[in-house]
Amino acid sequence: MTNYTTNVTPSWTAMLHGADYNPEQWRHRPDILEEDIRLMKLAKCNVMSVGIFSWVALEPEEGVYTFEWLDQVLDRFAANGIQAFLATPSGARPAWMSAKYPEVLRVEKNRVRNLHGFRHNHCFTSPVYRQKVTEMNTLLAERYSDHPAVIGWHISNEYGGECHCDYCQEAYRNWLKVKYNNDLEQLNRAWWTTFWSHTYTDWSQVESPAPHGETQVHGMNLDWRRFVTDQTVDFCRHEVEPLRKTERLLPVTTNFMEFFEGLNYWKFADLLDILSWDSYPTWHDHDGDTMQAAKIAMMHDIVRSIKQQPFLLMESTPSLTNWQPISKNKRPGMHLLSSLQAVAHGSDSVQYFQWRKSQGSSEKLHGAVVDHVGHEHTRVFRDVQDVGDALERLQSVRGSHVQAEVAVIFDWENRWAVKDSQGPRNSGIGYEDTVLNFYRAFWERGIAVDVIDMEQDLSKYKVVVAPMLYMVREGVGERFERFVENGGTLLSTYWSGIVNETDLCFLGGFPGPLRNVLGIWSEEIDGLHENDRNRLIATDGNKLELQGEYEVRDLCDLIHLEHAEALAVYGDDFYAGRPALTVNQFGQGEAYYIAARTTDHFISDLIEQITTKAGVTRTLSTPLPENVTAHARARAQGNDEFVFIQNYSNELKSVTLDNQSYADLIAGTELPTNSTVELEPYGIRILKRDLIR
Ligand code: GLA
Ligand code: ZN
């Protein structure tokens with residue numbers, strides 16, 4: 001397997017601003033294609049993603065290629081200073097291909113092959129589809145890798161989904177043979193198949209999960225999901241191969257989706273030069289509540305953390321989408337705020353879906369920079385211009401990085417496993433929300449966070465939070481121990497340390513490999529009904545100076561202290577008085593265990609105490625008003641730090657700065673020490689200060 005870890009350095013030097021552009025939909029309207037260029041410049045857009053769904057426009061018949069229209073588009077870009085991410089068109093294929101080679105179409109879980117239609121409907125194993133992709137990508141690479149407008153490859157579009165055809169079954173079995181050393185006995189043991197007599201006696205009996213077949217072997221479900229990720233990465237690698245054969249190498253990316261469960265994005269890290277994702281916040285579902293802002297911030301932080309480098313916001317909407325239950329317009333200020341939130345968390349671009357609304361089909365009413373009216377005199381166009389203006393003033397931010405002292409673990413495999421666990425709460429185990437609740441406590445304090453999987457190096461962090469780490473893979477317990485021993489602060493919760501990599505429960509006491517560092521044994525867990533409540537009562541004189549009591553719900557772990565001490569106990573039920581919050585001194589550091597699901601209020605108080613104790617830096621040392629947060633980027637070399645103060649409320653807010661002096665990068669003004677800055681409703685201020693190292 002080729003290893004592509006040598007990153008191709010991007011050639012662009014400006015912050016990028018642009019959109020998905022579909023000129024193939026307007027080839028019958030050359031006047032519109034001309035007008036687009038004028039409007040792009042007016043909107044201060046400097047990059048377009050083209051070719052994403054252009055396969056039939058590029059190859060109308062098998063082996064007959066019509067690249068001329070794309071030549072013209074790219075030439076016109078080059079002549080006008082507009083750059084392009086050129087897409088490989090595999091996200092949707094021509095009808096002639098599906099008709100001639102039905103194997104390119106996906107087979108669903110129920111083992112029925114799809115008809116032609118929709119998009120993202122291909123088999124990622126099919127030799128014919130792979131061959132067709134190679135032919136197309138080779139031609140694109142040969143023709144355009146030197147084109148002055150082209151700055152990078154946009155591979156396919158939002159990879160996702162799975163295929164259960166015979167090719168995929170075969171590939172799955174081969175993948176398993178590699179993993180289990182060609183030894184069926186190893187597989188049977190790892191999956192605990194003696195249960196219900198599910199033991200395989202021949203490799204040919206192994207099949208992917210099916211609603212009318214096998215779904216109850218949890219280890220098998222997990223391995224299938226791992227295989228789907230690996231096969232998708234392999235397909236992506238196959239797409240990238242011809243693009244790496246040209247003399248001029250361009251960076252490659254593929255656009256990820258928000259918290260998309262189907263693919264473990266960490267596995268793309270080595271293959272892609274730069275990561276990008278598509279962000280569609282549903283602001284209005286969360287009016288008056290910052291959960292949406294925190295959730296989007298968390299996804300930005302995941303994408304940044306995967307490669308520990310700046311990323312691209314590949315898509316977002318300049319106004320509204322057309323797939324949310326209700327499409328409410330962005331309120332004034334929201335577009336700039338939501339765009340620059342991405343920049344605050346490490347994006348070097350703001351890009352949209354889409355440049356111009358299509359005239360027909362399913363996305364004709366999806367927001368775009370250019371509406372059906374066709375001119376620039378719209379509120380949305382002006383909002384886009386404002387972002388363009390802002391990005392011009394933020395050029396110096398490009399390439400700077402977020403330095404986090406805190407890591408929150410959000411692990412894709414754990415997510416798959418815990419949701420499939422069939423344990424104390426089948427009505428919703430709440431993994432994502434639990435992680436987000438912890439994340440938000442840091443976010444609202446303006447504390448930078450990396451969001452990582454359980455394999456990452458922990459040594460650079462002061463605090464690591466591992467909520468609901470149900471699965472603990474080999475070596476992780478030891479790495480947590482080393483982290484705490486060396487002075488780190490670890491926080492874990494109920495329903496951690498239950499199973500290993502193939503979903504076999506740890507024998508000898510939960511939380512398995514985390515038991516030593518946490519200093520507790522979890523004997524039972526109580527699943528509470530929706531209306532059941534218990535209480536967590538702070539013990540007198542506890543080390544964290546927590547006071548009073550807090551409500552708990554959903555899940556209560558019944559633990560025994562081994563080396564740890566209790567900081568709080570349960571208030572009710574037959575386990576009243578038993579530990580509910582503990583800390584274990586371990587080497588130079590401390591490991592906390594939260595035994596029950598608590599309110600946000602408790603998490604907030606706990607994080608306040610723990611971050612203060614651990615000396616975690618906040619972006620601003622002065623207090624932040626409610627619904628206002630601040631995040632920063634800085635360069636590894638150089639003395640500038642860029643501070644983004646964001647107001648997620650519909651009210652005017654003000655923030656008093658500390659005793660450093662600041663410069664407002666958008667307003668172009670200087671702010672003397674201890675200045676107070678005003679923030680409009682949904683307002684954002686971007687300030688520069690000297691970096692104190
Ligand atoms: C995704 C796709 C785009 C478009 C948008 C609509 O992000 O990549 O092609 O369908 O959604 O919001
Ligand atoms: Zn297939």
# chains A, B, ... in the order shown; residues from 1 in each chain; ligands from 1
>>> closest_atom_pairs(of="segment 567-645 of chain A", to="segment 406-409 of chain A", cutoff="12 Å", atoms="only C-alpha atoms", output="tab-separated table")
residue	atom	partner	partner_atom	distance
A:Ile607	CA	A:Val406	CA	11.1
A:Ile610	CA	A:Val406	CA	11.2
A:Thr611	CA	A:Val406	CA	9.0
A:Ala614	CA	A:Val406	CA	10.2
A:Gly615	CA	A:Val406	CA	10.8
A:Val616	CA	A:Val406	CA	7.7
A:Thr617	CA	A:Val406	CA	9.4
A:Arg618	CA	A:Val406	CA	10.8
>>> write_last_selection(atoms="all heavy atoms", output="PDB file, in the first residue's frame")
ATOM      1  N   ILE A 607     -15.997  21.535  35.713  1.00  0.00           N
ATOM      2  CA  ILE A 607     -14.955  21.962  34.770  1.00  0.00           C
ATOM      3  C   ILE A 607     -14.326  23.279  35.230  1.00  0.00           C
ATOM      4  O   ILE A 607     -13.122  23.497  35.080  1.00  0.00           O
ATOM      5  CB  ILE A 607     -15.532  22.072  33.331  1.00  0.00           C
ATOM      6  CG1 ILE A 607     -16.013  20.696  32.834  1.00  0.00           C
ATOM      7  CG2 ILE A 607     -14.533  22.684  32.359  1.00  0.00           C
ATOM      8  CD1 ILE A 607     -14.976  19.598  32.813  1.00  0.00           C
ATOM      9  N   ILE A 610     -11.875  22.164  37.939  1.00  0.00           N
ATOM     10  CA  ILE A 610     -10.772  21.333  37.452  1.00  0.00           C
ATOM     11  C   ILE A 610      -9.811  22.132  36.574  1.00  0.00           C
ATOM     12  O   ILE A 610      -8.598  22.001  36.688  1.00  0.00           O
ATOM     13  CB  ILE A 610     -11.345  20.094  36.727  1.00  0.00           C
ATOM     14  CG1 ILE A 610     -11.827  19.104  37.789  1.00  0.00           C
ATOM     15  CG2 ILE A 610     -10.319  19.444  35.812  1.00  0.00           C
ATOM     16  CD1 ILE A 610     -12.464  17.865  37.255  1.00  0.00           C
ATOM     17  N   THR A 611     -10.362  22.988  35.706  1.00  0.00           N
ATOM     18  CA  THR A 611      -9.462  23.755  34.824  1.00  0.00           C
ATOM     19  C   THR A 611      -8.682  24.790  35.621  1.00  0.00           C
ATOM     20  O   THR A 611      -7.527  25.072  35.314  1.00  0.00           O
ATOM     21  CB  THR A 611     -10.235  24.435  33.678  1.00  0.00           C
ATOM     22  OG1 THR A 611     -11.326  25.173  34.219  1.00  0.00           O
ATOM     23  CG2 THR A 611     -10.741  23.417  32.681  1.00  0.00           C
ATOM     24  N   ALA A 614      -5.945  22.859  37.359  1.00  0.00           N
ATOM     25  CA  ALA A 614      -4.910  22.355  36.449  1.00  0.00           C
ATOM     26  C   ALA A 614      -4.191  23.491  35.719  1.00  0.00           C
ATOM     27  O   ALA A 614      -3.297  23.250  34.907  1.00  0.00           O
ATOM     28  CB  ALA A 614      -5.536  21.394  35.436  1.00  0.00           C
ATOM     29  N   GLY A 615      -4.591  24.728  35.977  1.00  0.00           N
ATOM     30  CA  GLY A 615      -3.922  25.876  35.348  1.00  0.00           C
ATOM     31  C   GLY A 615      -4.125  25.951  33.848  1.00  0.00           C
ATOM     32  O   GLY A 615      -3.215  26.314  33.098  1.00  0.00           O
ATOM     33  N   VAL A 616      -5.316  25.627  33.388  1.00  0.00           N
ATOM     34  CA  VAL A 616      -5.607  25.669  31.947  1.00  0.00           C
ATOM     35  C   VAL A 616      -5.839  27.128  31.508  1.00  0.00           C
ATOM     36  O   VAL A 616      -6.568  27.865  32.166  1.00  0.00           O
ATOM     37  CB  VAL A 616      -6.865  24.819  31.634  1.00  0.00           C
ATOM     38  CG1 VAL A 616      -7.313  25.013  30.204  1.00  0.00           C
ATOM     39  CG2 VAL A 616      -6.582  23.351  31.921  1.00  0.00           C
ATOM     40  N   THR A 617      -5.209  27.502  30.391  1.00  0.00           N
ATOM     41  CA  THR A 617      -5.305  28.876  29.880  1.00  0.00           C
ATOM     42  C   THR A 617      -6.666  29.124  29.238  1.00  0.00           C
ATOM     43  O   THR A 617      -7.183  28.270  28.525  1.00  0.00           O
ATOM     44  CB  THR A 617      -4.232  29.093  28.793  1.00  0.00           C
ATOM     45  OG1 THR A 617      -3.005  28.556  29.270  1.00  0.00           O
ATOM     46  CG2 THR A 617      -4.064  30.553  28.437  1.00  0.00           C
ATOM     47  N   ARG A 618      -7.217  30.300  29.462  1.00  0.00           N
ATOM     48  CA  ARG A 618      -8.440  30.720  28.764  1.00  0.00           C
ATOM     49  C   ARG A 618      -8.072  31.794  27.751  1.00  0.00           C
ATOM     50  O   ARG A 618      -7.141  32.570  27.991  1.00  0.00           O
ATOM     51  CB  ARG A 618      -9.455  31.286  29.754  1.00  0.00           C
ATOM     52  CG  ARG A 618      -9.856  30.228  30.757  1.00  0.00           C
ATOM     53  CD  ARG A 618     -10.814  30.734  31.797  1.00  0.00           C
ATOM     54  NE  ARG A 618     -10.963  29.636  32.770  1.00  0.00           N
ATOM     55  CZ  ARG A 618     -12.033  29.417  33.491  1.00  0.00           C
ATOM     56  NH1 ARG A 618     -13.069  30.208  33.390  1.00  0.00           N
ATOM     57  NH2 ARG A 618     -12.095  28.402  34.328  1.00  0.00           N
TER      58      ARG A 618
END
>>> closest_atom_pairs(of="chain A", to="ligand 1", cutoff="6 Å", atoms="only C-alpha atoms and all ligand atoms", output="tab-separated table")
residue	atom	partner	partner_atom_place_in_ligand_line	distance
A:Asn157	CA	ligand 1	8 (O)	5.8
A:Glu158	CA	ligand 1	8 (O)	5.7
A:Asp278	CA	ligand 1	7 (O)	5.4
A:Thr321	CA	ligand 1	12 (O)	5.4
A:Phe353	CA	ligand 1	5 (C)	5.9
>>> write_last_selection(atoms="all heavy atoms", output="PDB file, in the first residue's frame")
ATOM      1  N   ASN A 157     -17.538  13.409  -3.491  1.00  0.00           N
ATOM      2  CA  ASN A 157     -18.346  14.307  -2.665  1.00  0.00           C
ATOM      3  C   ASN A 157     -18.949  13.530  -1.510  1.00  0.00           C
ATOM      4  O   ASN A 157     -19.634  12.529  -1.720  1.00  0.00           O
ATOM      5  CB  ASN A 157     -19.470  14.923  -3.493  1.00  0.00           C
ATOM      6  CG  ASN A 157     -20.156  16.052  -2.756  1.00  0.00           C
ATOM      7  OD1 ASN A 157     -19.567  17.100  -2.513  1.00  0.00           O
ATOM      8  ND2 ASN A 157     -21.402  15.837  -2.358  1.00  0.00           N
ATOM      9  N   GLU A 158     -18.680  13.994  -0.319  1.00  0.00           N
ATOM     10  CA  GLU A 158     -19.304  13.426   0.885  1.00  0.00           C
ATOM     11  C   GLU A 158     -19.441  11.903   0.823  1.00  0.00           C
ATOM     12  O   GLU A 158     -20.546  11.353   0.823  1.00  0.00           O
ATOM     13  CB  GLU A 158     -20.674  14.072   1.127  1.00  0.00           C
ATOM     14  CG  GLU A 158     -20.571  15.545   1.466  1.00  0.00           C
ATOM     15  CD  GLU A 158     -21.876  16.161   1.969  1.00  0.00           C
ATOM     16  OE1 GLU A 158     -22.946  15.598   1.692  1.00  0.00           O
ATOM     17  OE2 GLU A 158     -21.819  17.199   2.633  1.00  0.00           O
ATOM     18  N   ASP A 278     -18.369  20.049   5.495  1.00  0.00           N
ATOM     19  CA  ASP A 278     -19.562  20.782   5.061  1.00  0.00           C
ATOM     20  C   ASP A 278     -20.443  21.053   6.270  1.00  0.00           C
ATOM     21  O   ASP A 278     -20.952  20.125   6.896  1.00  0.00           O
ATOM     22  CB  ASP A 278     -20.348  19.945   4.044  1.00  0.00           C
ATOM     23  CG  ASP A 278     -19.490  19.570   2.837  1.00  0.00           C
ATOM     24  OD1 ASP A 278     -18.458  20.234   2.624  1.00  0.00           O
ATOM     25  OD2 ASP A 278     -19.866  18.626   2.121  1.00  0.00           O
ATOM     26  N   THR A 321     -30.822  26.206   3.907  1.00  0.00           N
ATOM     27  CA  THR A 321     -30.803  24.960   3.144  1.00  0.00           C
ATOM     28  C   THR A 321     -32.248  24.711   2.703  1.00  0.00           C
ATOM     29  O   THR A 321     -33.134  25.519   2.977  1.00  0.00           O
ATOM     30  CB  THR A 321     -30.350  23.765   3.996  1.00  0.00           C
ATOM     31  OG1 THR A 321     -31.338  23.525   4.987  1.00  0.00           O
ATOM     32  CG2 THR A 321     -29.008  24.006   4.636  1.00  0.00           C
ATOM     33  N   PHE A 353     -22.108  25.913  -0.399  1.00  0.00           N
ATOM     34  CA  PHE A 353     -22.965  25.271  -1.370  1.00  0.00           C
ATOM     35  C   PHE A 353     -24.155  26.215  -1.464  1.00  0.00           C
ATOM     36  O   PHE A 353     -24.885  26.362  -0.474  1.00  0.00           O
ATOM     37  CB  PHE A 353     -23.429  23.874  -0.941  1.00  0.00           C
ATOM     38  CG  PHE A 353     -24.344  23.287  -1.979  1.00  0.00           C
ATOM     39  CD1 PHE A 353     -23.828  22.620  -3.072  1.00  0.00           C
ATOM     40  CD2 PHE A 353     -25.717  23.483  -1.904  1.00  0.00           C
ATOM     41  CE1 PHE A 353     -24.666  22.131  -4.062  1.00  0.00           C
ATOM     42  CE2 PHE A 353     -26.550  22.990  -2.901  1.00  0.00           C
ATOM     43  CZ  PHE A 353     -26.027  22.323  -3.974  1.00  0.00           C
TER      44      PHE A 353
END
>>> residues_around(residues="segment 5-20 of chain A", least_positions_apart="5", cutoff="8 Å", atoms="only C-alpha atoms", output="NGL selection string")
:A and (44-50 or 52 or 151-152 or 249-251 or 270-273 or 314-315 or 348-355 or 388 or 391-392 or 394-395 or 398)
>>> residues_near_ligand(ligand="ligand 2", cutoff="6 Å", atoms="only C-alpha atoms and all ligand atoms", output="list in words")
Arg106, Cys123, Phe124, Thr125, Ser126, Cys163, His164, Cys165, Tyr167 and Cys168 of chain A
>>> closest_atom_pairs(of="segment 285-366 of chain A", to="segment 456-477 of chain A", cutoff="12 Å", atoms="only C-alpha atoms", output="Markdown table")
| residue | atom | partner | partner_atom | distance |
| --- | --- | --- | --- | --- |
| A:Ser305 | CA | A:Gln456 | CA | 9.8 |
| A:Ile306 | CA | A:Gln456 | CA | 9.4 |
| A:Lys307 | CA | A:Gln456 | CA | 11.0 |
| A:Gln308 | CA | A:Gln456 | CA | 11.0 |
>>> write_last_selection(atoms="N, CA, C and O atoms", output="mmCIF file, in the first residue's frame")
data_model
loop_
_atom_site.group_PDB
_atom_site.id
_atom_site.type_symbol
_atom_site.label_atom_id
_atom_site.label_comp_id
_atom_site.auth_asym_id
_atom_site.auth_seq_id
_atom_site.Cartn_x
_atom_site.Cartn_y
_atom_site.Cartn_z
ATOM 1 N N SER A 305 -8.334 18.660 14.652
ATOM 2 C CA SER A 305 -7.505 17.776 15.477
ATOM 3 C C SER A 305 -6.993 16.563 14.691
ATOM 4 O O SER A 305 -5.928 16.034 15.012
ATOM 5 N N ILE A 306 -7.738 16.113 13.697
ATOM 6 C CA ILE A 306 -7.341 14.893 12.986
ATOM 7 C C ILE A 306 -5.961 15.051 12.360
ATOM 8 O O ILE A 306 -5.125 14.155 12.446
ATOM 9 N N LYS A 307 -5.710 16.191 11.737
ATOM 10 C CA LYS A 307 -4.375 16.388 11.158
ATOM 11 C C LYS A 307 -3.554 17.429 11.914
ATOM 12 O O LYS A 307 -2.411 17.705 11.548
ATOM 13 N N GLN A 308 -4.139 17.977 12.954
ATOM 14 C CA GLN A 308 -3.449 19.025 13.720
ATOM 15 C C GLN A 308 -2.920 20.106 12.785
ATOM 16 O O GLN A 308 -1.757 20.504 12.851
#
>>> closest_atom_pairs(of="segment 239-334 of chain A", to="segment 675-692 of chain A", cutoff="8 Å", atoms="only C-alpha atoms", output="CSV")
residue,atom,partner,partner_atom,distance
A:Pro332,CA,A:Tyr682,CA,7.6
A:Gly333,CA,A:Tyr682,CA,5.3
A:Met334,CA,A:Tyr682,CA,5.6
>>> write_last_selection(atoms="N, CA, C and O atoms", output="short mmCIF file (atom, residue, chain, number, x, y, z; two decimals), in the first residue's frame")
data_model
loop_
_atom_site.label_atom_id
_atom_site.label_comp_id
_atom_site.auth_asym_id
_atom_site.auth_seq_id
_atom_site.Cartn_x
_atom_site.Cartn_y
_atom_site.Cartn_z
N PRO A 332 -29.74 38.96 10.63
CA PRO A 332 -28.58 39.79 10.34
C PRO A 332 -27.42 39.46 11.28
O PRO A 332 -27.63 39.31 12.49
N GLY A 333 -26.26 39.34 10.73
CA GLY A 333 -25.06 39.05 11.52
C GLY A 333 -24.73 37.57 11.55
O GLY A 333 -23.56 37.19 11.63
N MET A 334 -25.74 36.73 11.46
CA MET A 334 -25.50 35.29 11.61
C MET A 334 -24.56 34.71 10.56
O MET A 334 -23.76 33.84 10.86
#
>>> residues_around(residues="segment 226-230 of chain A", least_positions_apart="3", cutoff="12 Å", atoms="only C-alpha atoms", output="ChimeraX atom specification")
/A:123-125,159-164,168-179,208-209,219-223,233-237,260-268,271,412-414,416-417,501-502
>>> select_by_dssp(residues="segment 564-665 of chain A", states="strand (DSSP E or B)", output="ChimeraX atom specification")
/A:565-570,579-586,589-594,596-598,628-634,640-647,653-656,662-664
>>> select_by_dssp(residues="segment 186-361 of chain A", states="alpha helix (DSSP H)", output="ChimeraX atom specification")
/A:186-191,218-240,291-307,334-344
